[in-house]
Structures are given as structure tokens and as C-alpha cells.
Amino acid sequence: MAVLPRRPKGPPLNALRAFEAAARLGGFVSAAEELSVTPGAVSQHIKAVEAWADVPLFRRNAQGVELTSSGRQLASEFTLAFDHLAAATQSLRNLSPSVEIHIAALPSVAQLWLPARLGRIREARPDLKFSVTALETPPSLSRELFDLSVFFTVPDGAADQIVVAEDVIFPVCSPKLVDSFRFDSIPLLHDQTWHDDWRLWSEATGADVADPTKGPKYSLYGLAVEEAKSGAGALMAHACLVEQALRDGHLCRMSAEECATGQALVINLPHPSRRRPETDEITVLLQDSKRSGQG
């Protein structure tokens, strides 16, 4: 009779992944966001690892969590291990003959900037498929299976970062409000992410907008743009996001005064060793779309 001895087992892979993410990101909440689970699930995973090893890896306190000396000693090893696993997984994915490009983008970029450009790229490369995920924060391209990401950020000059456009803001409104437009009588529309836009613009240009904090607030910039189109009020436009609406006449620019936010719309790419060959071509096409003035 064959002997099948029971072999020692380590903690579940998901539990080890939760520990690594929490150690690298400095907390359970950030780890939960990256792993698309709840902070409670991350906490339970880490408790399972600690129970298996019979050693505490985090200290819990009222301010949050921090690594113990044992946790710090292990963190770099697990980060290296999961970096290698992510690279191997990306290599496996890139072997597929069916090419699907995965893009992560800020919701406003995914709604207002990407669609027309992807449409033109599909015309040039009908063999490619695209999948777009709207995220509030940029993903780690060394870990997650995205081929590129498009977000507003402060450029840092990295080789894997391409600046598409400087982030410039100015007020816009519906054509139906143009004749009666006055900053002291028209509602100011606000996006919750860029809630400080009106104050920033008014201070930079010296324009008097009364109270720059008052007015309807929207959780998505795309919603605020649609409300501005419908005549609900004036919106502080981010130039590269409203260029199509301005060309189509759905929005009108209400002042020649503009100011830069200090950020830019940026395309981020994985390390060259982890890119599909098609990724660089798509990046070039996105930039060609910008230069052509078509989108």
C-alpha cells in the first residue's frame, strides 16, 4: 500500500498576500483597497499568518498598525517574492495570442478623455481589444495586470511616464447661460475630488467669484460636466477633459483667464520587460491623437 504522509503546509497564499500588501503600504485600509477586499478581511488574513507562525507581525493601536521587528524582517522577502510572482504572471498573460489591453484610468479620464481616442485606435488596429477600469488612485503597474494607466499627477520625469497635457483650468457653462452669465448670480458646480478648483482659479486670476466653496457638489466629474451642459451652473473645466464638449458647442468658455494646477495628465507604463509589444504602439497612437487636434 502506498504511503501518503501528510506534508507540512504554509498559510494560504491570500493571507500571505494580505500581509505583504499591508507591510508595503503601511496599513490594512490601503492593503484592502489594493486587494479589493475589506480592511476586516485583511486583518483576519494577517491574524491567520500570525497564528500559523506563532509570532506577532503588526502592533495594533488607536492610530493604526505598525510592523513589529519580526514583521519588518520578513516584509522585504515577501515583497520580492510577490514582485517575482507578478512578473511571472504578466509573462504568462503576454503569451496569449489574443491581445486585450487593460487600461486603468481616473473615472473622469475614462469617461471624457479615453473613449474617442480608443475609437480611433480601434480603427487603426481592429484586432485589439480594450478593457478600461476606472479607479480613484493609480494602480501599481509592477503588481497589477494593467498595460498602462492614465491619471492626473505631478510628473516626476520617470522614464516610464509620458506627459500628455498640462492640467489647466478655466470656467465654462452651457450656451443657454452665456447671455446672463455673472459669477455672483450663477451656481458654481463642484467636483468632490477637485473641490478646491474655484478657489484656486479665483486666487490665481484675481477674479471675484464671491464664495468659491458654495454650490452643488458631484461625486463624479463626468456628472458635473453633464450638469453644466444642461444649464445647472458654471463648472471649473479641466481643459483636456472638456475639449470635445467645447468643440461640439455643448459648453462655452466664460473667461480667457486660466491657471495651471501643477499637475498633468500622465500615461504611466510598466517596466519595458513587462510590456506587451502592442503597448508602446498604443501609447504612440494616444499621443498622435493629442497632436492631431482631433481629441
# chains A, B, ... in the order shown; residues from 1 in each chain; ligands from 1
>>> residues_around(residues="Ala245 of chain A", least_positions_apart="6", cutoff="9 Å", atoms="only C-alpha atoms", output="JSON, numbers by chain")
{"A": [225, 229, 251, 252]}
>>> select_by_dssp(residues="segment 53-201 of chain A", states="helix (DSSP H, G or I)", output="ChimeraX atom specification")
/A:53,69-94,107-112,114-124,175-177,197-201
>>> closest_residue(among="A:Ser70, A:Leu220, A:Gln90, A:Asp184", to="Ala134 of chain A", atoms="only C-alpha atoms")
A:Leu220
>>> atom_distance(atom1="atom CA of Phe28 of chain A", atom2="atom CA of Pro12 of chain A")
17.7 Å
>>> residues_around(residues="Arg24 of chain A", least_positions_apart="2", cutoff="12 Å", atoms="only C-alpha atoms", output="PDB file with N, CA and C atoms, in the first residue's frame")
ATOM      1  N   ARG A  17      -0.419  37.268   0.903  1.00  0.00           N
ATOM      2  CA  ARG A  17      -0.546  38.462   0.049  1.00  0.00           C
ATOM      3  C   ARG A  17      -1.047  39.654   0.865  1.00  0.00           C
ATOM      4  N   ALA A  18      -1.991  39.397   1.773  1.00  0.00           N
ATOM      5  CA  ALA A  18      -2.518  40.469   2.616  1.00  0.00           C
ATOM      6  C   ALA A  18      -1.426  41.024   3.526  1.00  0.00           C
ATOM      7  N   PHE A  19      -0.611  40.136   4.101  1.00  0.00           N
ATOM      8  CA  PHE A  19       0.489  40.611   4.949  1.00  0.00           C
ATOM      9  C   PHE A  19       1.453  41.474   4.143  1.00  0.00           C
ATOM     10  N   GLU A  20       1.835  41.014   2.958  1.00  0.00           N
ATOM     11  CA  GLU A  20       2.792  41.765   2.152  1.00  0.00           C
ATOM     12  C   GLU A  20       2.258  43.137   1.772  1.00  0.00           C
ATOM     13  N   ALA A  21       0.988  43.174   1.360  1.00  0.00           N
ATOM     14  CA  ALA A  21       0.402  44.451   0.948  1.00  0.00           C
ATOM     15  C   ALA A  21       0.314  45.417   2.126  1.00  0.00           C
ATOM     16  N   ALA A  22      -0.109  44.926   3.290  1.00  0.00           N
ATOM     17  CA  ALA A  22      -0.220  45.779   4.467  1.00  0.00           C
ATOM     18  C   ALA A  22       1.155  46.280   4.910  1.00  0.00           C
ATOM     19  N   GLY A  26       1.723  50.134   4.483  1.00  0.00           N
ATOM     20  CA  GLY A  26       1.681  50.772   5.800  1.00  0.00           C
ATOM     21  C   GLY A  26       0.349  50.738   6.505  1.00  0.00           C
ATOM     22  N   GLY A  27      -0.560  49.859   6.108  1.00  0.00           N
ATOM     23  CA  GLY A  27      -1.835  49.800   6.816  1.00  0.00           C
ATOM     24  C   GLY A  27      -2.802  48.822   6.190  1.00  0.00           C
ATOM     25  N   PHE A  28      -3.810  48.442   6.962  1.00  0.00           N
ATOM     26  CA  PHE A  28      -4.807  47.484   6.490  1.00  0.00           C
ATOM     27  C   PHE A  28      -5.766  48.114   5.477  1.00  0.00           C
ATOM     28  N   SER A  30      -5.207  50.596   3.249  1.00  0.00           N
ATOM     29  CA  SER A  30      -4.558  50.713   1.935  1.00  0.00           C
ATOM     30  C   SER A  30      -4.404  49.352   1.279  1.00  0.00           C
ATOM     31  N   ALA A  31      -4.063  48.349   2.079  1.00  0.00           N
ATOM     32  CA  ALA A  31      -3.934  46.989   1.540  1.00  0.00           C
ATOM     33  C   ALA A  31      -5.277  46.485   1.029  1.00  0.00           C
ATOM     34  N   GLU A  34      -6.061  47.998  -2.367  1.00  0.00           N
ATOM     35  CA  GLU A  34      -5.292  47.394  -3.456  1.00  0.00           C
ATOM     36  C   GLU A  34      -5.794  45.993  -3.787  1.00  0.00           C
ATOM     37  N   GLU A  66       1.403  49.103  12.994  1.00  0.00           N
ATOM     38  CA  GLU A  66       2.795  49.237  12.591  1.00  0.00           C
ATOM     39  C   GLU A  66       3.468  47.880  12.700  1.00  0.00           C
ATOM     40  N   LEU A  67       4.432  47.651  11.850  1.00  0.00           N
ATOM     41  CA  LEU A  67       5.136  46.379  11.837  1.00  0.00           C
ATOM     42  C   LEU A  67       5.935  46.179  13.116  1.00  0.00           C
ATOM     43  N   GLY A  71       7.947  41.511  11.752  1.00  0.00           N
ATOM     44  CA  GLY A  71       7.270  41.887  10.521  1.00  0.00           C
ATOM     45  C   GLY A  71       8.183  42.631   9.580  1.00  0.00           C
ATOM     46  N   ARG A  72       8.974  43.564  10.121  1.00  0.00           N
ATOM     47  CA  ARG A  72       9.912  44.319   9.281  1.00  0.00           C
ATOM     48  C   ARG A  72      10.959  43.397   8.673  1.00  0.00           C
ATOM     49  N   LEU A  74      10.619  40.334   7.788  1.00  0.00           N
ATOM     50  CA  LEU A  74      10.036  39.490   6.751  1.00  0.00           C
ATOM     51  C   LEU A  74       9.531  40.274   5.532  1.00  0.00           C
ATOM     52  N   ALA A  75       9.166  41.531   5.740  1.00  0.00           N
ATOM     53  CA  ALA A  75       8.441  42.278   4.704  1.00  0.00           C
ATOM     54  C   ALA A  75       9.170  42.310   3.367  1.00  0.00           C
ATOM     55  N   SER A  76      10.469  42.597   3.375  1.00  0.00           N
ATOM     56  CA  SER A  76      11.200  42.730   2.111  1.00  0.00           C
ATOM     57  C   SER A  76      11.260  41.406   1.359  1.00  0.00           C
ATOM     58  N   GLU A  77      11.348  40.296   2.098  1.00  0.00           N
ATOM     59  CA  GLU A  77      11.387  38.992   1.436  1.00  0.00           C
ATOM     60  C   GLU A  77      10.070  38.701   0.727  1.00  0.00           C
ATOM     61  N   PHE A  78       8.959  38.999   1.396  1.00  0.00           N
ATOM     62  CA  PHE A  78       7.665  38.751   0.779  1.00  0.00           C
ATOM     63  C   PHE A  78       7.410  39.708  -0.376  1.00  0.00           C
ATOM     64  N   THR A  79       7.858  40.958  -0.256  1.00  0.00           N
ATOM     65  CA  THR A  79       7.702  41.901  -1.364  1.00  0.00           C
ATOM     66  C   THR A  79       8.460  41.415  -2.585  1.00  0.00           C
ATOM     67  N   LEU A  80       9.672  40.960  -2.399  1.00  0.00           N
ATOM     68  CA  LEU A  80      10.462  40.435  -3.519  1.00  0.00           C
ATOM     69  C   LEU A  80       9.779  39.215  -4.129  1.00  0.00           C
ATOM     70  N   PHE A  82       6.543  38.389  -4.119  1.00  0.00           N
ATOM     71  CA  PHE A  82       5.336  38.740  -4.872  1.00  0.00           C
ATOM     72  C   PHE A  82       5.664  39.571  -6.105  1.00  0.00           C
ATOM     73  N   ASP A  83       6.767  40.325  -6.077  1.00  0.00           N
ATOM     74  CA  ASP A  83       7.217  41.008  -7.299  1.00  0.00           C
ATOM     75  C   ASP A  83       7.540  39.981  -8.380  1.00  0.00           C
ATOM     76  N   SER A 140      -0.506  49.903  -8.957  1.00  0.00           N
ATOM     77  CA  SER A 140       0.904  49.553  -9.091  1.00  0.00           C
ATOM     78  C   SER A 140       1.072  48.719 -10.349  1.00  0.00           C
TER      79      SER A 140
END
>>> residues_around(residues="Ser69 of chain A", least_positions_apart="5", cutoff="12 Å", atoms="only C-alpha atoms", output="PyMOL selection string")
chain A and resi 23+55-59+74-75
>>> atom_distance(atom1="atom CA of Val49 of chain A", atom2="atom CA of Val37 of chain A")
17.0 Å
>>> closest_atom_pairs(of="segment 240-270 of chain A", to="segment 195-212 of chain A", cutoff="9 Å", atoms="only C-alpha atoms", output="CSV")
residue,atom,partner,partner_atom,distance
A:Glu257,CA,A:Thr205,CA,6.4
A:Glu258,CA,A:Trp201,CA,7.0
A:Cys259,CA,A:Trp201,CA,6.1
A:Ala260,CA,A:Trp201,CA,8.6
A:Thr261,CA,A:Leu200,CA,7.9
>>> write_last_selection(atoms="N, CA and C atoms", output="JSON list (two decimals), in the first residue's frame")
[["chain", "number", "residue", "atom", "x", "y", "z"],
["A", 257, "GLU", "N", -9.14, 83.89, -18.87],
["A", 257, "GLU", "CA", -8.19, 83.64, -17.78],
["A", 257, "GLU", "C", -8.18, 82.15, -17.43],
["A", 258, "GLU", "N", -6.98, 81.61, -17.28],
["A", 258, "GLU", "CA", -6.83, 80.22, -16.89],
["A", 258, "GLU", "C", -5.63, 80.09, -15.96],
["A", 259, "CYS", "N", -5.54, 78.96, -15.29],
["A", 259, "CYS", "CA", -4.38, 78.73, -14.43],
["A", 259, "CYS", "C", -4.03, 77.25, -14.44],
["A", 260, "ALA", "N", -2.77, 76.98, -14.20],
["A", 260, "ALA", "CA", -2.30, 75.59, -14.12],
["A", 260, "ALA", "C", -2.42, 75.09, -12.68],
["A", 261, "THR", "N", -2.78, 73.83, -12.54],
["A", 261, "THR", "CA", -2.95, 73.24, -11.21],
["A", 261, "THR", "C", -1.65, 72.70, -10.65]]
>>> closest_atom_pairs(of="segment 19-112 of chain A", to="segment 146-167 of chain A", cutoff="10 Å", atoms="only C-alpha atoms", output="CSV")
residue,atom,partner,partner_atom,distance
A:Gln90,CA,A:Phe146,CA,9.2
A:Glu100,CA,A:Asp147,CA,9.2
A:Ile101,CA,A:Asp147,CA,6.0
A:His102,CA,A:Phe146,CA,4.9
A:Ile103,CA,A:Leu148,CA,5.3
A:Ala104,CA,A:Ser149,CA,4.5
A:Ala105,CA,A:Val150,CA,4.7
A:Leu106,CA,A:Phe151,CA,5.5
A:Pro107,CA,A:Phe151,CA,9.1
A:Ser108,CA,A:Phe151,CA,9.3
A:Val109,CA,A:Phe151,CA,7.3
A:Ala110,CA,A:Val150,CA,8.5
>>> closest_residue(among="A:Gln63, A:Val29, A:Ser185, A:Leu141", to="Arg274 of chain A", atoms="only C-alpha atoms")
A:Leu141
>>> atom_distance(atom1="atom CA of Phe130 of chain A", atom2="atom CA of Tyr221 of chain A")
22.7 Å
>>> residues_around(residues="Ser255 of chain A", least_positions_apart="4", cutoff="10 Å", atoms="only C-alpha atoms", output="list in words")
Phe170, Pro171, Val172 and Ala207 of chain A
>>> write_last_selection(atoms="C-alpha atoms", output="PDB file, in the first residue's frame")
ATOM      1  CA  PHE A 170     -10.977  77.769 -16.573  1.00  0.00           C
ATOM      2  CA  PRO A 171     -14.757  78.327 -16.140  1.00  0.00           C
ATOM      3  CA  VAL A 172     -17.342  77.003 -18.604  1.00  0.00           C
ATOM      4  CA  ALA A 207     -11.488  87.003 -10.450  1.00  0.00           C
TER       5      ALA A 207
END
>>> select_by_dssp(residues="segment 69-292 of chain A", states="strand (DSSP E)", output="VMD selection string")
chain A and resid 100 to 105 129 to 134 148 to 153 161 to 173 188 to 191 217 to 218 234 to 238 252 to 253 259 to 268
>>> write_last_selection(atoms="C-alpha atoms", output="PDB file, in the first residue's frame")
ATOM      1  CA  GLU A 100      -6.580  42.535 -24.736  1.00  0.00           C
ATOM      2  CA  ILE A 101      -5.142  45.793 -23.466  1.00  0.00           C
ATOM      3  CA  HIS A 102      -6.105  46.590 -19.870  1.00  0.00           C
ATOM      4  CA  ILE A 103      -6.163  50.303 -19.016  1.00  0.00           C
ATOM      5  CA  ALA A 104      -6.631  51.864 -15.586  1.00  0.00           C
ATOM      6  CA  ALA A 105      -7.819  55.466 -15.523  1.00  0.00           C
ATOM      7  CA  LYS A 129      -9.492  44.566 -27.585  1.00  0.00           C
ATOM      8  CA  PHE A 130      -9.577  47.070 -24.754  1.00  0.00           C
ATOM      9  CA  SER A 131     -10.728  46.830 -21.171  1.00  0.00           C
ATOM     10  CA  VAL A 132     -10.959  50.014 -19.068  1.00  0.00           C
ATOM     11  CA  THR A 133     -11.131  50.090 -15.260  1.00  0.00           C
ATOM     12  CA  ALA A 134     -11.995  53.358 -13.500  1.00  0.00           C
ATOM     13  CA  LEU A 148      -0.974  51.260 -18.822  1.00  0.00           C
ATOM     14  CA  SER A 149      -2.694  53.835 -16.629  1.00  0.00           C
ATOM     15  CA  VAL A 150      -3.855  57.414 -17.246  1.00  0.00           C
ATOM     16  CA  PHE A 151      -4.159  59.757 -14.259  1.00  0.00           C
ATOM     17  CA  PHE A 152      -3.621  63.354 -13.222  1.00  0.00           C
ATOM     18  CA  THR A 153      -0.437  63.608 -11.192  1.00  0.00           C
ATOM     19  CA  GLN A 161       5.918  58.240 -17.554  1.00  0.00           C
ATOM     20  CA  ILE A 162       4.592  60.215 -20.542  1.00  0.00           C
ATOM     21  CA  VAL A 163       3.083  63.669 -20.033  1.00  0.00           C
ATOM     22  CA  VAL A 164       0.058  64.085 -22.299  1.00  0.00           C
ATOM     23  CA  ALA A 165      -1.101  67.564 -21.292  1.00  0.00           C
ATOM     24  CA  GLU A 166      -0.620  70.149 -18.572  1.00  0.00           C
ATOM     25  CA  ASP A 167      -3.677  70.393 -16.307  1.00  0.00           C
ATOM     26  CA  VAL A 168      -5.164  73.832 -16.991  1.00  0.00           C
ATOM     27  CA  ILE A 169      -8.487  75.041 -15.574  1.00  0.00           C
ATOM     28  CA  PHE A 170     -10.977  77.769 -16.573  1.00  0.00           C
ATOM     29  CA  PRO A 171     -14.757  78.327 -16.140  1.00  0.00           C
ATOM     30  CA  VAL A 172     -17.342  77.003 -18.604  1.00  0.00           C
ATOM     31  CA  CYS A 173     -21.125  76.901 -18.834  1.00  0.00           C
ATOM     32  CA  LEU A 188     -20.920  77.191  -9.105  1.00  0.00           C
ATOM     33  CA  LEU A 189     -20.709  73.448  -9.742  1.00  0.00           C
ATOM     34  CA  HIS A 190     -18.077  71.403  -7.885  1.00  0.00           C
ATOM     35  CA  ASP A 191     -16.461  68.006  -8.286  1.00  0.00           C
ATOM     36  CA  LYS A 217     -21.215  69.076  -5.450  1.00  0.00           C
ATOM     37  CA  TYR A 218     -20.857  65.888  -7.502  1.00  0.00           C
ATOM     38  CA  ALA A 234     -20.833  77.102 -14.206  1.00  0.00           C
ATOM     39  CA  LEU A 235     -18.119  74.476 -13.855  1.00  0.00           C
ATOM     40  CA  MET A 236     -14.373  74.833 -13.485  1.00  0.00           C
ATOM     41  CA  ALA A 237     -13.190  72.937 -16.543  1.00  0.00           C
ATOM     42  CA  HIS A 238     -10.063  70.838 -16.812  1.00  0.00           C
ATOM     43  CA  CYS A 252     -18.747  77.659 -23.715  1.00  0.00           C
ATOM     44  CA  ARG A 253     -15.636  79.093 -22.167  1.00  0.00           C
ATOM     45  CA  CYS A 259      -4.376  78.731 -14.433  1.00  0.00           C
ATOM     46  CA  ALA A 260      -2.297  75.592 -14.123  1.00  0.00           C
ATOM     47  CA  THR A 261      -2.953  73.242 -11.210  1.00  0.00           C
ATOM     48  CA  GLY A 262       0.638  71.976 -11.059  1.00  0.00           C
ATOM     49  CA  GLN A 263      -0.433  68.550 -12.255  1.00  0.00           C
ATOM     50  CA  ALA A 264      -0.600  66.961 -15.699  1.00  0.00           C
ATOM     51  CA  LEU A 265      -2.470  64.187 -17.450  1.00  0.00           C
ATOM     52  CA  VAL A 266       0.089  61.394 -17.476  1.00  0.00           C
ATOM     53  CA  ILE A 267       0.321  57.958 -19.090  1.00  0.00           C
ATOM     54  CA  ASN A 268       2.210  55.505 -16.879  1.00  0.00           C
TER      55      ASN A 268
END
>>> closest_residue(among="A:Lys9, A:Arg93, A:Arg60, A:Arg122", to="Glu144 of chain A", atoms="only C-alpha atoms")
A:Arg93
>>> closest_atom_pairs(of="segment 134-241 of chain A", to="segment 112-115 of chain A", cutoff="8 Å", atoms="only C-alpha atoms", output="Markdown table")
| residue | atom | partner | partner_atom | distance |
| --- | --- | --- | --- | --- |
| A:Gly222 | CA | A:Leu112 | CA | 7.0 |
| A:Cys240 | CA | A:Trp113 | CA | 7.2 |
| A:Leu241 | CA | A:Leu112 | CA | 5.6 |
